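Enquirer: Hey, dropping query_6.cif in here, mmCIF, C-alpha atoms:
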data_entry
#
loop_
_atom_site.label_atom_id
_atom_site.label_comp_id
_atom_site.auth_asym_id
_atom_site.auth_seq_id
_atom_site.Cartn_x
_atom_site.Cartn_y
_atom_site.Cartn_z
CA MET A 1 -37.62 11.62 46.40
CA LYS A 2 -34.81 11.52 48.93
CA ARG A 3 -34.60 7.77 48.60
CA TYR A 4 -34.23 7.96 44.83
CA LEU A 5 -31.49 10.51 45.15
CA GLN A 6 -29.71 8.20 47.55
CA ILE A 7 -29.98 5.35 45.06
CA LEU A 8 -28.64 7.51 42.26
CA LEU A 9 -25.74 8.75 44.36
CA PHE A 10 -24.95 5.16 45.24
CA CYS A 11 -24.98 4.12 41.57
CA VAL A 12 -22.95 6.91 40.01
CA PRO A 13 -19.42 6.05 41.24
CA PHE A 14 -19.88 2.38 40.45
CA LEU A 15 -21.24 3.11 36.98
CA PHE A 16 -18.41 5.48 36.23
CA VAL A 17 -15.78 2.88 37.13
CA SER A 18 -17.46 -0.03 35.34
CA CYS A 19 -18.12 1.91 32.14
CA LYS A 20 -14.59 3.25 32.03
CA LYS A 21 -13.32 -0.31 32.37
CA GLU A 22 -15.54 -1.46 29.51
CA GLN A 23 -14.33 1.36 27.30
CA GLN A 24 -10.67 0.82 28.05
CA SER A 25 -10.54 -2.98 27.90
CA THR A 26 -10.07 -3.17 24.11
CA GLU A 27 -7.60 -0.31 24.08
CA GLY A 28 -5.69 -1.99 26.89
CA THR A 29 -5.44 -5.27 24.98
CA ASP A 30 -4.27 -3.47 21.85
CA GLN A 31 -1.64 -1.59 23.81
CA GLN A 32 -0.40 -4.84 25.36
CA ILE A 33 -0.02 -6.50 21.96
CA TYR A 34 1.67 -3.37 20.56
CA THR A 35 4.17 -3.30 23.42
CA LYS A 36 4.88 -7.01 23.36
CA LEU A 37 5.59 -7.05 19.63
CA GLN A 38 8.27 -4.36 19.81
CA GLY A 39 11.70 -5.70 19.00
CA GLN A 40 13.33 -8.22 16.75
CA TRP A 41 11.89 -11.64 16.05
CA ARG A 42 13.14 -14.66 14.16
CA ALA A 43 10.71 -16.93 12.33
CA THR A 44 11.24 -20.55 13.26
CA GLN A 45 8.43 -22.41 11.57
CA GLN A 46 5.43 -21.99 9.32
CA SER A 47 2.48 -24.34 9.44
CA SER A 48 -1.02 -24.33 8.03
CA THR A 49 -4.40 -25.91 8.48
CA VAL A 50 -7.28 -26.47 6.09
CA ASN A 51 -10.69 -26.41 7.74
CA GLY A 52 -8.99 -26.94 11.08
CA SER A 53 -6.94 -29.98 10.04
CA PRO A 54 -3.16 -29.78 9.60
CA SER A 55 -2.27 -29.52 5.94
CA GLY A 56 1.00 -31.34 6.54
CA GLN A 57 2.90 -28.57 4.80
CA ASN A 58 5.25 -27.35 7.49
CA GLN A 59 8.31 -25.29 6.77
CA ASN A 60 11.19 -24.89 9.18
CA PHE A 61 13.22 -21.71 8.85
CA ASN A 62 16.95 -21.49 9.26
CA GLY A 63 18.23 -19.23 12.03
CA ASN A 64 18.24 -15.94 10.11
CA GLU A 65 16.09 -16.74 7.14
CA LEU A 66 13.16 -14.47 8.03
CA ILE A 67 13.49 -11.63 10.53
CA PHE A 68 10.65 -9.34 11.68
CA ARG A 69 11.66 -6.14 13.42
CA PHE A 70 8.85 -4.13 15.01
CA ASP A 71 10.11 -0.62 15.72
CA ASN A 72 7.36 1.73 16.96
CA ASN A 73 4.92 1.76 14.02
CA VAL A 74 7.36 0.47 11.42
CA LEU A 75 7.91 -3.19 10.65
CA LEU A 76 10.99 -4.22 8.71
CA ILE A 77 11.13 -7.69 7.27
CA TYR A 78 14.50 -8.88 6.10
CA ASN A 79 16.71 -11.84 5.53
CA GLY A 80 19.09 -11.98 8.44
CA GLU A 81 21.85 -13.46 6.36
CA ASP A 82 22.21 -10.10 4.67
CA LYS A 83 21.03 -7.53 7.20
CA THR A 84 21.81 -4.62 4.93
CA ALA A 85 19.09 -5.68 2.49
CA ILE A 86 15.63 -4.93 3.87
CA MET A 87 13.19 -7.09 1.99
CA LYS A 88 10.04 -5.17 2.87
CA LYS A 89 8.95 -2.19 4.91
CA TYR A 90 5.52 -2.00 6.53
CA SER A 91 3.53 0.27 8.76
CA TRP A 92 1.54 -1.57 11.40
CA LYS A 93 -1.00 -1.07 14.12
CA VAL A 94 -3.24 -3.05 16.43
CA ILE A 95 -7.00 -2.56 16.34
CA ASP A 96 -9.41 -4.65 18.39
CA GLY A 97 -6.74 -7.27 18.96
CA GLU A 98 -5.89 -7.65 15.28
CA VAL A 99 -2.58 -6.66 13.73
CA PHE A 100 -2.78 -4.63 10.51
CA LEU A 101 0.30 -4.81 8.29
CA ARG A 102 0.48 -2.35 5.39
CA GLU A 103 3.40 -2.47 3.03
CA GLN A 104 5.06 0.81 2.17
CA TYR A 105 3.21 2.62 -0.67
CA ALA A 106 0.50 -0.05 -0.68
CA ASP A 107 -3.20 0.75 -0.82
CA SER A 108 -4.13 -2.29 1.23
CA ALA A 109 -3.29 -3.97 4.50
CA ASN A 110 -3.48 -7.58 5.60
CA ILE A 111 -4.91 -8.49 8.97
CA TYR A 112 -3.42 -11.04 11.33
CA THR A 113 -4.02 -12.25 14.83
CA THR A 114 -1.32 -12.96 17.34
CA SER A 115 -0.93 -15.39 20.16
CA PHE A 116 1.85 -15.09 22.74
CA GLU A 117 3.20 -18.28 24.23
CA ASP A 118 5.39 -16.18 26.51
CA ASN A 119 7.34 -12.92 26.20
CA ASN A 120 9.83 -14.54 23.84
CA HIS A 121 7.59 -16.59 21.60
CA PHE A 122 4.57 -15.59 19.57
CA LEU A 123 2.47 -16.84 16.70
CA LEU A 124 1.34 -14.71 13.78
CA VAL A 125 -1.83 -16.16 12.29
CA GLU A 126 -3.42 -15.37 8.94
CA SER A 127 -6.86 -16.81 8.21
CA TYR A 128 -8.66 -16.58 4.93
CA GLN A 129 -11.32 -18.27 2.86
CA SER A 130 -10.31 -20.05 -0.33
CA GLY A 131 -13.34 -21.41 -2.11
CA ASN A 132 -15.10 -23.57 0.46
CA ASN A 133 -11.96 -24.01 2.52
CA LYS A 134 -10.85 -21.98 5.51
CA ILE A 135 -7.08 -21.73 5.43
CA THR A 136 -5.02 -20.74 8.44
CA VAL A 137 -1.32 -20.02 8.12
CA THR A 138 0.68 -19.70 11.32
CA ILE A 139 4.24 -18.44 11.58
CA HIS A 140 6.09 -19.17 14.82
CA PHE A 141 8.55 -16.54 16.06
CA SER A 142 11.11 -16.38 18.81
CA ARG A 143 12.72 -13.18 20.09
CA PHE A 144 16.41 -12.51 19.70
CA MET B 1 -39.63 -4.45 46.53
CA LYS B 2 -36.97 -1.99 47.54
CA LYS B 3 -34.30 -4.25 46.08
CA LEU B 4 -36.21 -4.43 42.84
CA GLN B 5 -36.33 -0.64 42.68
CA TYR B 6 -32.57 -0.51 43.23
CA LEU B 7 -32.04 -3.05 40.48
CA LEU B 8 -34.30 -1.30 38.00
CA ILE B 9 -32.73 2.10 38.49
CA PHE B 10 -29.25 0.62 38.45
CA SER B 11 -29.95 -1.24 35.18
CA LEU B 12 -31.37 1.89 33.60
CA CYS B 13 -28.32 3.93 34.61
CA TYR B 14 -25.89 1.24 33.50
CA PHE B 15 -27.27 0.71 30.03
CA THR B 16 -27.78 4.40 29.38
CA ALA B 17 -24.29 5.37 30.52
CA CYS B 18 -22.40 2.51 28.88
CA LYS B 19 -24.21 2.67 25.57
CA LYS B 20 -23.34 6.33 25.35
CA ASP B 21 -19.69 5.66 26.12
CA THR B 22 -19.43 2.88 23.56
CA ALA B 23 -20.87 5.08 20.85
CA GLN B 24 -18.55 7.92 21.69
CA SER B 25 -15.47 5.72 21.79
CA ASN B 26 -16.21 4.43 18.31
CA PRO B 27 -14.87 6.97 15.79
CA GLU B 28 -16.96 5.43 13.02
CA SER B 29 -20.16 6.59 14.63
CA ILE B 30 -19.12 10.21 14.69
CA SER B 31 -17.07 10.42 11.50
CA GLU B 32 -18.28 13.22 9.28
CA ASN B 33 -17.11 11.31 6.20
CA GLN B 34 -18.96 8.25 7.39
CA GLN B 35 -22.15 10.25 7.47
CA LYS B 36 -21.59 12.03 4.17
CA ILE B 37 -20.87 8.91 2.17
CA GLN B 38 -24.01 7.05 3.21
CA GLY B 39 -26.13 5.97 0.23
CA ARG B 40 -25.66 4.71 -3.30
CA TRP B 41 -23.06 6.10 -5.66
CA THR B 42 -22.55 5.56 -9.36
CA GLN B 43 -19.10 5.62 -10.89
CA VAL B 44 -19.23 7.96 -13.87
CA TYR B 45 -15.67 8.84 -14.82
CA PHE B 46 -12.13 7.64 -14.29
CA LYS B 47 -8.63 8.96 -14.77
CA ARG B 48 -5.41 7.01 -14.59
CA PHE B 49 -2.10 8.80 -14.11
CA ASP B 50 0.95 6.74 -15.09
CA TYR B 51 4.18 7.77 -13.42
CA THR B 52 7.62 7.08 -14.79
CA LYS B 53 10.65 8.10 -12.75
CA GLY B 54 8.43 10.17 -10.50
CA ASN B 55 6.72 12.18 -13.25
CA VAL B 56 3.33 11.75 -14.87
CA ASP B 57 3.98 10.71 -18.43
CA ARG B 58 0.53 9.50 -19.43
CA VAL B 59 -3.09 10.17 -18.49
CA VAL B 60 -5.87 7.83 -19.53
CA GLU B 61 -9.44 8.90 -18.86
CA GLY B 62 -12.99 8.14 -19.88
CA GLU B 63 -16.61 7.82 -18.94
CA VAL B 64 -17.90 4.73 -17.15
CA LYS B 65 -21.15 3.33 -18.45
CA SER B 66 -21.12 -0.14 -16.94
CA GLY B 67 -24.04 0.52 -14.61
CA GLU B 68 -21.95 -0.43 -11.61
CA TYR B 69 -22.62 1.34 -8.38
CA VAL B 70 -21.54 1.07 -4.78
CA GLU B 71 -23.55 1.31 -1.61
CA PHE B 72 -22.49 2.55 1.80
CA PHE B 73 -25.04 1.69 4.44
CA GLY B 74 -24.14 2.01 8.11
CA ASN B 75 -20.72 0.40 8.13
CA ARG B 76 -21.56 -2.00 5.30
CA TYR B 77 -20.06 -1.67 1.83
CA ARG B 78 -21.54 -3.45 -1.16
CA PHE B 79 -21.37 -3.06 -4.89
CA HIS B 80 -23.77 -3.69 -7.72
CA ASN B 81 -22.15 -5.08 -10.83
CA GLY B 82 -24.78 -3.76 -13.22
CA THR B 83 -27.10 -6.74 -13.01
CA GLN B 84 -27.12 -7.78 -9.37
CA MET B 85 -26.11 -6.61 -5.95
CA VAL B 86 -23.05 -8.47 -4.76
CA ASP B 87 -23.05 -8.96 -1.02
CA ASN B 88 -19.43 -9.67 -0.26
CA GLY B 89 -19.66 -9.08 3.47
CA SER B 90 -17.40 -6.04 3.34
CA THR B 91 -17.44 -3.30 5.93
CA PHE B 92 -15.99 0.20 5.76
CA TYR B 93 -14.77 2.98 8.02
CA PHE B 94 -12.52 6.00 7.80
CA ASP B 95 -8.99 5.54 9.11
CA ASN B 96 -6.99 8.76 9.50
CA GLY B 97 -8.98 10.33 6.69
CA GLU B 98 -8.66 7.37 4.37
CA LEU B 99 -11.61 5.28 3.30
CA ALA B 100 -10.89 1.73 4.51
CA ILE B 101 -12.95 -1.11 3.03
CA ARG B 102 -12.48 -4.41 4.77
CA ASP B 103 -13.09 -7.62 2.87
CA GLY B 104 -12.20 -10.66 4.97
CA ASN B 105 -8.68 -10.23 6.28
CA THR B 106 -7.73 -7.49 3.83
CA VAL B 107 -8.36 -3.75 4.09
CA PHE B 108 -8.28 -1.61 0.97
CA TYR B 109 -7.47 2.07 1.43
CA SER B 110 -8.25 5.03 -0.77
CA THR B 111 -8.62 8.78 -0.37
CA ILE B 112 -11.91 10.61 -0.83
CA ARG B 113 -11.97 14.12 -2.30
CA TRP B 114 -15.39 15.68 -1.86
CA GLN B 115 -16.63 17.78 -4.80
CA SER B 116 -20.02 18.46 -3.26
CA ALA B 117 -22.51 16.66 -1.05
CA ASP B 118 -23.47 14.60 -4.08
CA ALA B 119 -20.13 13.99 -5.76
CA PHE B 120 -16.71 12.73 -4.75
CA ILE B 121 -13.51 11.44 -6.29
CA GLU B 122 -11.93 8.29 -4.93
CA VAL B 123 -8.15 8.17 -5.35
CA ARG B 124 -6.37 4.84 -5.30
CA ASP B 125 -2.60 5.01 -5.20
CA ASP B 126 -0.84 1.68 -4.99
CA GLY B 127 2.78 2.55 -5.43
CA SER B 128 3.88 -0.79 -4.09
CA ALA B 129 2.28 -2.67 -6.98
CA ALA B 130 4.91 -1.25 -9.30
CA GLY B 131 7.69 -1.45 -6.76
CA GLY B 132 7.59 2.14 -5.51
CA PRO B 133 6.29 5.66 -6.07
CA GLU B 134 8.60 6.40 -9.00
CA ASN B 135 6.82 4.09 -11.40
CA LYS B 136 3.19 3.67 -10.55
CA SER B 137 -0.38 4.36 -11.59
CA VAL B 138 -2.81 6.47 -9.62
CA PHE B 139 -6.50 5.98 -10.30
CA GLU B 140 -9.16 8.63 -9.78
CA TYR B 141 -12.75 7.43 -9.86
CA SER B 142 -15.53 10.02 -9.94
CA TYR B 143 -18.80 9.13 -8.25
CA VAL B 144 -22.14 10.90 -8.17
CA ARG B 145 -25.01 10.13 -5.89
CA LYS B 146 -27.37 7.58 -7.43
CA LEU B 147 -30.83 9.03 -7.73
CA ASN B 148 -32.89 5.87 -7.14
#
Could you write out this structure as structure tokens?
Expert:
Amino acid sequence: MKRYLQILLFCVPFLFVSCKKEQQSTEGTDQQIYTKLQGQWRATQQSSTVNGSPSGQNQNFNGNELIFRFDNNVLLIYNGEDKTAIMKKYSWKVIDGEVFLREQYADSANIYTTSFEDNNHFLLVESYQSGNNKITVTIHFSRF
Amino acid sequence: MKKLQYLLIFSLCYFTACKKDTAQSNPESISENQQKIQGRWTQVYFKRFDYTKGNVDRVVEGEVKSGEYVEFFGNRYRFHNGTQMVDNGSTFYFDNGELAIRDGNTVFYSTIRWQSADAFIEVRDDGSAAGGPENKSVFEYSYVRKLN
């Protein structure tokens, strides 16, 4: 009996730490993405793939053509050439590593994934099925 | 032998403790709405409120006799179009009180108003479709629990 108690006492601290880590890992990743996205970003390029192969339809953006501004839980998308005119307003959040963007007054949200090249460059990726084809649209952003 | 005992007890503790944590950290598993909405529901009535300049200027309503019904099972959402069950791979959960149905990379939100344990009204308000809340339509779909 004493031996079993010893084993249990030995296990408890380790279990507590490892389980807490498991529980917090997803939340930690979400918080990292949320923090990294804060600020103003300029779209530089949009590219797409069909079933993993480049579609060849790339679009380069001019300097201020498409601006994303993540401010707490609000995302403003506007054309930088006329900063007074906000094109669209969204609420956003990160769940399980995915970014949910919901336009103001909308009853739906679109889900994206992100990939950070470094603190000043990230990719916003939308993937969806169209018939038998898997389409992936990637927008490249740089911070400014 | 002693090592094996250590391993067995450790494994038992680990899986018990972590499984419990995972379940508790997942709001879906403890959502009251999630529990209440389990089962099959038939749409029986709808109302549509048309807004113009912020005021309701028209209400359209009627019974629904299409035979369509929806099914909430676990975190799966499916609908039956009257002749066959359509398995569209959707899942659902409740997000800040709103019903959220996820189909692929899109989540559709609506509000559930419970009438009783066997009846609810689903409210869909997409103000953005008409460019804002001033001119929009709000749909109210009444569901009752399907008996079979």
Enquirer: Would you mind reading off the distance between atom CA of A:Leu66 and atom CA of A:Ser48, one decimal, in Å?
Expert: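 Taking atom CA of A:Leu66 as the start and atom CA of A:Ser48 as the end point, the length is 17.3 Å.
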Enquirer: Can you tell me which residues surround B:Glu140 at a distance of at most 7 Å, considering all atoms listed in the file, apart from same-chain residues fewer than 5 positions away, and format the answer as a ChimeraX atom specification?
Expert: /B:46-48,121-124
Enquirer: List the neighbours of A:Gln38 out to 9 Å using all atoms listed in the file; skip same-chain residues closer than 5 positions along the sequence, and give me the result as a VMD selection string.
Expert: chain A and resid 33 69 to 72
Enquirer: What are the residues of chain A that have an atom within 6 Å of an atom of chain B, counting all atoms listed in the file, as a PyMOL selection string?
Expert: chain A and resi 19+105-111
Enquirer: So what do you get for atom CA of A:Gln40 versus atom CA of A:Tyr90, distance-wise?
Expert: 14.3 Å
Enquirer: Extract, using only C-alpha atoms, all DNA, RNA and protein residues at most 8 Å from A:Glu98, discarding same-chain residues fewer than 6 positions from it, and format them as a list of chain:residue names.
Expert: A:Asp30, A:Ile111, A:Tyr112, A:Thr113, A:Thr114
Enquirer: Hey, which of A:Phe122, A:Tyr78, A:Phe116, A:Phe68 ends up closest to A:Trp41? Count all atoms listed in the file.
Expert: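 With all atoms listed in the file as the atom set, the closest residue is A:Phe68.
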Enquirer: Which residues, written as a list in words, have at least one atom at most 9 Å from A:Glu27, with all atoms listed in the file counted and residues fewer than 6 positions away on the same chain left out?
Expert: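 Once the nearby chain positions are removed, what remains is Ile95, Asp96 and Gly97 of chain A.
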Enquirer: Quick one: residues within 6 Å of (11.9, -15.8, 17.8) (file frame), counting only C-alpha atoms, please, as a PyMOL selection string.
Expert: chain A and resi 41-43+121+141-144
Enquirer: For B:Trp114, which residue among B:Arg58, B:Lys53, B:Lys36, B:Arg78 is the nearest when counting all atoms listed in the file?
Expert: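 Residue with the minimum atom-to-atom distance to B:Trp114: B:Lys36.
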Enquirer: Would you mind reading off the distance between atom CA of A:Trp92 and atom CA of B:Ser90, one decimal, in Å?
Expert: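 About the pair atom CA of A:Trp92 and atom CA of B:Ser90: they are 21.1 Å apart.
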Enquirer: What does the PyMOL selection byres ((chain A and resi 133) around 10) select in this file, as a VMD selection string?
Expert: chain A and resid 49 to 52 128 to 132 134 to 136
Enquirer: Could you tell me which residues the PyMOL selection byres ((chain B and resi 71) around 8) returns for this structure, as a ChimeraX atom specification?
Expert: /B:38-41,69-70,72-73,76-80
Enquirer: Can you list, as a list in words, every protein, DNA or RNA residue that comes within 12 Å of B:Ser116 when you count only C-alpha atoms, leaving out same-chain residues fewer than 6 positions away?
Expert: Lys36, Ile37, Ser142, Tyr143, Val144 and Arg145 of chain B
Enquirer: For the selection just defined, write its residues with C-alpha atoms to a file, as a JSON list (two decimals), keeping the file's coordinate frame.
Expert:
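The resulting result.json:
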[["chain", "number", "residue", "atom", "x", "y", "z"],
["B", 36, "LYS", "CA", -21.59, 12.03, 4.17],
["B", 37, "ILE", "CA", -20.87, 8.91, 2.17],
["B", 142, "SER", "CA", -15.53, 10.02, -9.94],
["B", 143, "TYR", "CA", -18.80, 9.13, -8.25],
["B", 144, "VAL", "CA", -22.14, 10.90, -8.17],
["B", 145, "ARG", "CA", -25.01, 10.13, -5.89]]
